[in-house]
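Q: One structure follows; several queries about it will come next.
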Number of protein chains: 2
Amino acid sequence: MNDTKLIDIAAALGISVTTVSKALKGYSDISKTTRSKVLEMAEEMNYRPNSNAVNLRTNETKTIGVIIPATVHHFFSSVLNGILEEAEKRGYLVIILQSSEKYELEKKQIALLLQKRVDGILISLSNETDDFTHINAAIKKNTPVVLFDKIAKMVDCSKVIINDKKAAYDAVTYLIKKGYKKIAHFRGSLVPQNSIDRFLGYKKALEDHNIPYDSSLIYMCDHNTDFEDGYGNAKLMVEQHNDVDAIFAITDLVAIGIIKYLNEAQIKIPEQIAVFGFSNWFMSTVISPKLTTIDQPGYDIGQRAASILIDEITQTKEHLPVTHQIIELPTTIIERESTIR
Amino acid sequence: MNDTKLIDIAAALGISVTTVSKALKGYSDISKTTRSKVLEMAEEMNYRPNSNAVNLRTNETKTIGVIIPATVHHFFSSVLNGILEEAEKRGYLVIILQSSEKYELEKKQIALLLQKRVDGILISLSNETDDFTHINAAIKKNTPVVLFDKIAKMVDCSKVIINDKKAAYDAVTYLIKKGYKKIAHFRGSLVPQNSIDRFLGYKKALEDHNIPYDSSLIYMCDHNTDFEDGYGNAKLMVEQHNDVDAIFAITDLVAIGIIKYLNEAQIKIPEQIAVFGFSNWFMSTVISPKLTTIDQPGYDIGQRAASILIDEITQTKEHLPVTHQIIELPTTIIERESTIR
DNA sequence: TTGTAAGCGTTATCAT
DNA sequence: ATGATAACGCTTACAA
């Protein structure tokens, strides 16, 4: 049961630990014969290097840390999937932490990851986060950080994002082109960049098409229970405005809440009110009416972010210069029933 | 930039490393004054113990490994959520690995986790897995293992499950009581225990209510794309049997595929065919008709599994006897539109 | 109450 | 081509 270590192999073969270590790692200054003897014996004794010892010695853990606001969320599980596959491929393990949208937790978790000596950190910021010293602390410790999805422009590191402003602009422009005249926006809270950007895209699209911006058509969905936010605000909106003919929602989940309310209130979608979502969750294909939305490539975001992070880890280790990249992944409009009239 | 270590604190205070170490860990044989001096200096120098060194020395990593078949899956993300919260609470980190339902990968990943010296392993077996030597290897190395959801009865370790057979029995009994006479079952593949158990529950319910079992009413959904399995088999079933009045599906996703086909084929749910799912995904509340299903407590499963694992880790470390537990979490029927007539 | 020194299992430097 | 030895940063008998 006791794990085999180098010294056991050395003893079994009557040679030194050094030789065993070198042979195992394929150093050129070991004779072919001893090398194969060592390999064979290692196999026979089922030798597995002790990662803790290796880590201590080499000061790297082949592990990356990931902090996301929530796991039970289709978008983040897609991202996670991309991260896990890329990490697997490149021989890294992944430690997952959930910030639950709490800044304090996020901060604590960064500290934890640094203490664990992860080789790099992938993070999508919590909605609360508006101070970035914890992120900068990691960067200063030479631990590469890549931000994805919910990023902060001010932090100097690589980022993988979509162009939220453009995507929102495209969505609203699409609605306008379809002939919708009075378009409400169900936005997210004020802090996260993507919430801001989607709002700005909405506004710009109106502007560019000479539709006056009306702040009473903006509904705030910031209770972190997007579905109910959508439902409740849809109800409110119907009471306040009887002439809105389309809604651009910050998230599919909000959109689904809206649809649920409108269905219950017997308001026809899209005849009376069209609904446009954001993210293209699987769910949006199964509700009725099927939801028009923006496809947000979660898997790709995760995969690219992990890939860039691991590149930077390698570069940092080899003392090569690293240049940060801002990768903007394309989004597309997925047209479905909820806007087709 | 350079991390503070014990020796730095010792040097700054003109005392020994041992004293610093002991002071930091609150040993009783250190004077109050030196203790507070050390604490203060550690704080000031922003000391963080090097986990690799601690791990090597203490031979524990305060990390648990989790292997799940897939992350992009509402049930597993709920489980993950439960695991992450419990681990966080008890001071453990979590390494996540995805087996993608592949036995070979699962085997490799267990080896990886053992090499990383995780303190314990949580695993839901892949559908392919029918050999358990890799699991037993971990157990033999004194690394506690807890199986959840997709378990193997033969493996001697703690398990957290639901009673799939009973849940399925309840579901089908419910349908029978509602007056449905010809009930089809869309089952999962042959290997995983939960697929077998749900099938057995279905069969037993028919038997107990004197409804003859008809194997032509069993449709196999084993392509790992449950949604399309449901869709395709629903189509097939409608062609083969014009008198089926209810379907019990192994999973909500399969059920949603079924609903999608029936809706397209203008077959009324539940008037012509009722549909019963399994898992209670969020999605099942937003499709139409809303899906009757079995609530499977994913969060609780994860939380309990992690809790038991950490208990066993602690017991093992203290050389206390550990007794394995089989925890069976209750499921409930969530009645919605798809079966109410 | 404090300190010395050994040891955890590797890797890497420098001799031989 | 091989090996002795130090070092990674920490914990812990044991000694003082």
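To be explicit about the labels: the chains of the structure tokens are called A, B, and onward in the order shown, and within each one the residues are counted from 1, while ligands get numbers from 1 in the order they are shown.
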Any idea which chain C residues end up within 8 Å of chain A if we count only C-alpha atoms (C1' of nucleotides), as an MDAnalysis selection string please?

A: chainID C and resid 8:11

Q: Can I get the selection written as a short mmCIF file (atom, residue, chain, number, x, y, z; two decimals), in the first residue's frame, with N, CA, C and O atoms (P, O5', C5', C4', C3', O3' and C1' of nucleotides)?

A:
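Dumped to out-v9.cif:
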```
data_model
loop_
_atom_site.label_atom_id
_atom_site.label_comp_id
_atom_site.auth_asym_id
_atom_site.auth_seq_id
_atom_site.Cartn_x
_atom_site.Cartn_y
_atom_site.Cartn_z
P DC C 8 11.56 11.06 5.67
"O5'" DC C 8 10.28 11.56 4.88
"C5'" DC C 8 9.06 11.92 5.51
"C4'" DC C 8 8.38 12.93 4.64
"C3'" DC C 8 8.67 12.73 3.15
"O3'" DC C 8 7.68 11.87 2.59
"C1'" DC C 8 8.74 15.06 3.81
P DG C 9 8.15 10.52 1.85
"O5'" DG C 9 8.53 11.07 0.40
"C5'" DG C 9 7.49 11.58 -0.41
"C4'" DG C 9 8.11 12.28 -1.59
"C3'" DG C 9 8.98 11.39 -2.47
"O3'" DG C 9 8.55 11.57 -3.80
"C1'" DG C 9 10.14 13.36 -1.89
P DT C 10 9.11 10.82 -5.03
"O5'" DT C 10 9.29 12.02 -6.03
"C5'" DT C 10 10.48 12.64 -6.07
"C4'" DT C 10 10.32 14.10 -6.36
"C3'" DT C 10 11.28 14.46 -7.47
"O3'" DT C 10 10.55 14.99 -8.56
"C1'" DT C 10 11.78 15.65 -5.45
P DT C 11 11.39 15.03 -9.94
"O5'" DT C 11 12.40 16.24 -9.72
"C5'" DT C 11 11.89 17.56 -9.65
"C4'" DT C 11 13.05 18.52 -9.49
"C3'" DT C 11 14.03 18.53 -10.66
"O3'" DT C 11 14.28 19.90 -10.94
"C1'" DT C 11 15.18 18.18 -8.62
#
```

Q: Contacts from chain D to chain A, 8 Å maximum, only C-alpha atoms (C1' of nucleotides): show me the residue list as a list in words.

A: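 Contact residues on the first chain: DA1, DT2, DG3, DC8 and DG9 of chain D.
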
Q: Using only C-alpha atoms (C1' of nucleotides), which protein or nucleic acid residues come within 7 Å of A:Ser126? Drop anything in the same chain fewer than 6 positions from it, and give the result as a list in words.

A: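 Here the answer would be Pro69, Ser99, Glu101, Lys102 and Tyr103 of chain A.
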
Q: For B:Leu175, which residue out of B:Leu114, B:Ala274, B:Ala12, B:Val94 is the nearest one, using only C-alpha atoms?

A: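 Ranking B:Leu114, B:Ala274, B:Ala12, B:Val94 by distance to B:Leu175, first place goes to B:Ala274.
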
Q: B:Asp245, B:Asp208, B:Asp252, B:Asp197: which is nearest chain A, counting only C-alpha atoms?

A: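 Once distances to chain A are computed over only C-alpha atoms, the minimum belongs to B:Asp252.
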
Q: Got a sec: who's within 12 Å of D:DA15, counting only C-alpha atoms (C1' of nucleotides), leaving out chain neighbours fewer than 4 positions off, as a ChimeraX atom specification?

A: /C:2-5

Q: So that I have them on file, write out the residues from the current selection with N, CA, C and O atoms (P, O5', C5', C4', C3', O3' and C1' of nucleotides), as a compact mmCIF listing (two decimals), in the first residue's frame.

A:
```txt
# COMPACT_ATOMS: atom_id res chain seq x y z
P DT C 2 9.21 32.54 24.29
O5' DT C 2 10.37 31.62 23.75
C5' DT C 2 11.72 31.98 24.01
C4' DT C 2 12.63 30.93 23.45
C3' DT C 2 12.69 30.86 21.92
O3' DT C 2 13.93 31.42 21.53
C1' DT C 2 12.74 28.71 22.94
P DG C 3 14.35 31.45 19.98
O5' DG C 3 15.13 30.07 19.85
C5' DG C 3 16.23 29.82 20.70
C4' DG C 3 16.87 28.50 20.35
C3' DG C 3 17.21 28.34 18.86
O3' DG C 3 18.49 27.73 18.78
C1' DG C 3 15.85 26.54 19.57
P DT C 4 19.27 27.68 17.41
O5' DT C 4 19.69 26.15 17.32
C5' DT C 4 19.72 25.34 18.50
C4' DT C 4 19.92 23.88 18.10
C3' DT C 4 20.43 23.66 16.67
O3' DT C 4 21.27 22.52 16.69
C1' DT C 4 18.31 22.64 16.90
P DA C 5 22.07 22.06 15.37
O5' DA C 5 21.07 20.94 14.84
C5' DA C 5 20.56 19.99 15.77
C4' DA C 5 19.67 19.01 15.03
C3' DA C 5 20.11 18.74 13.58
O3' DA C 5 19.80 17.38 13.32
C1' DA C 5 17.92 19.55 13.56
```

Q: From a backbone DSSP assignment, name each residue in stretch 64-306 of chain A labelled helix (DSSP H, G or I), as number ranges by chain.

A: A: 74-90, 103-115, 133-140, 164-177, 193-208, 215-217, 226-240, 252-264, 282-285, 298-306

Q: Please extract the residues of stretch 35-280 of chain B with a backbone DSSP assignment of strand (DSSP E or B) and present them as number ranges by chain.

A: B: 63-68, 93-98, 120-123, 145-148, 158-162, 183-187, 218-220, 246-249, 274-276, 279

Q: With only C-alpha atoms (C1' of nucleotides) as the counted atoms, please give the residues lying no more than 12 Å from A:Lys37, apart from itself and same-chain residues fewer than 2 positions off, as a list of chain:residue names.

A: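 Surrounding residues, per the criterion: A:Ile9, A:Ala10, A:Ala12, A:Leu13, A:Gly14, A:Ile15, A:Thr19, A:Val20, A:Ala23, A:Leu24, A:Ile30, A:Ser31, A:Lys32, A:Thr33, A:Thr34, A:Arg35, A:Leu39, A:Glu40, A:Met41, A:Ala42, A:Glu43, A:Glu44.
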
Q: For B:Asn233, which residue out of B:Leu97, B:Leu262, B:Val66, B:Ala171 is the nearest one, using only C-alpha atoms?

A: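 Counting only C-alpha atoms, the residue closest to B:Asn233 is B:Leu262.
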
Q: When you draw a straight line from atom CA of B:Lys268 to atom CA of B:Ile340, how long is it in Å?

A: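 So the answer is 12.1 Å.
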
Q: Could you work out how far atom CA of A:Arg198 lies from atom CA of A:Lys165, giving the answer in Å with one decimal?

A: 4.8 Å

Q: What separation in Å, quoted to one decimal, exists between atom CA of A:His73 and atom CA of A:Trp281?

A: 9.4 Å

Q: Select, from B:Ser124, B:Gln266, B:Thr285, B:Ser216, the residue with the minimum atom-to-atom distance to chain A, counting only C-alpha atoms.

A: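 Among the listed residues, the smallest separation from chain A belongs to B:Thr285.
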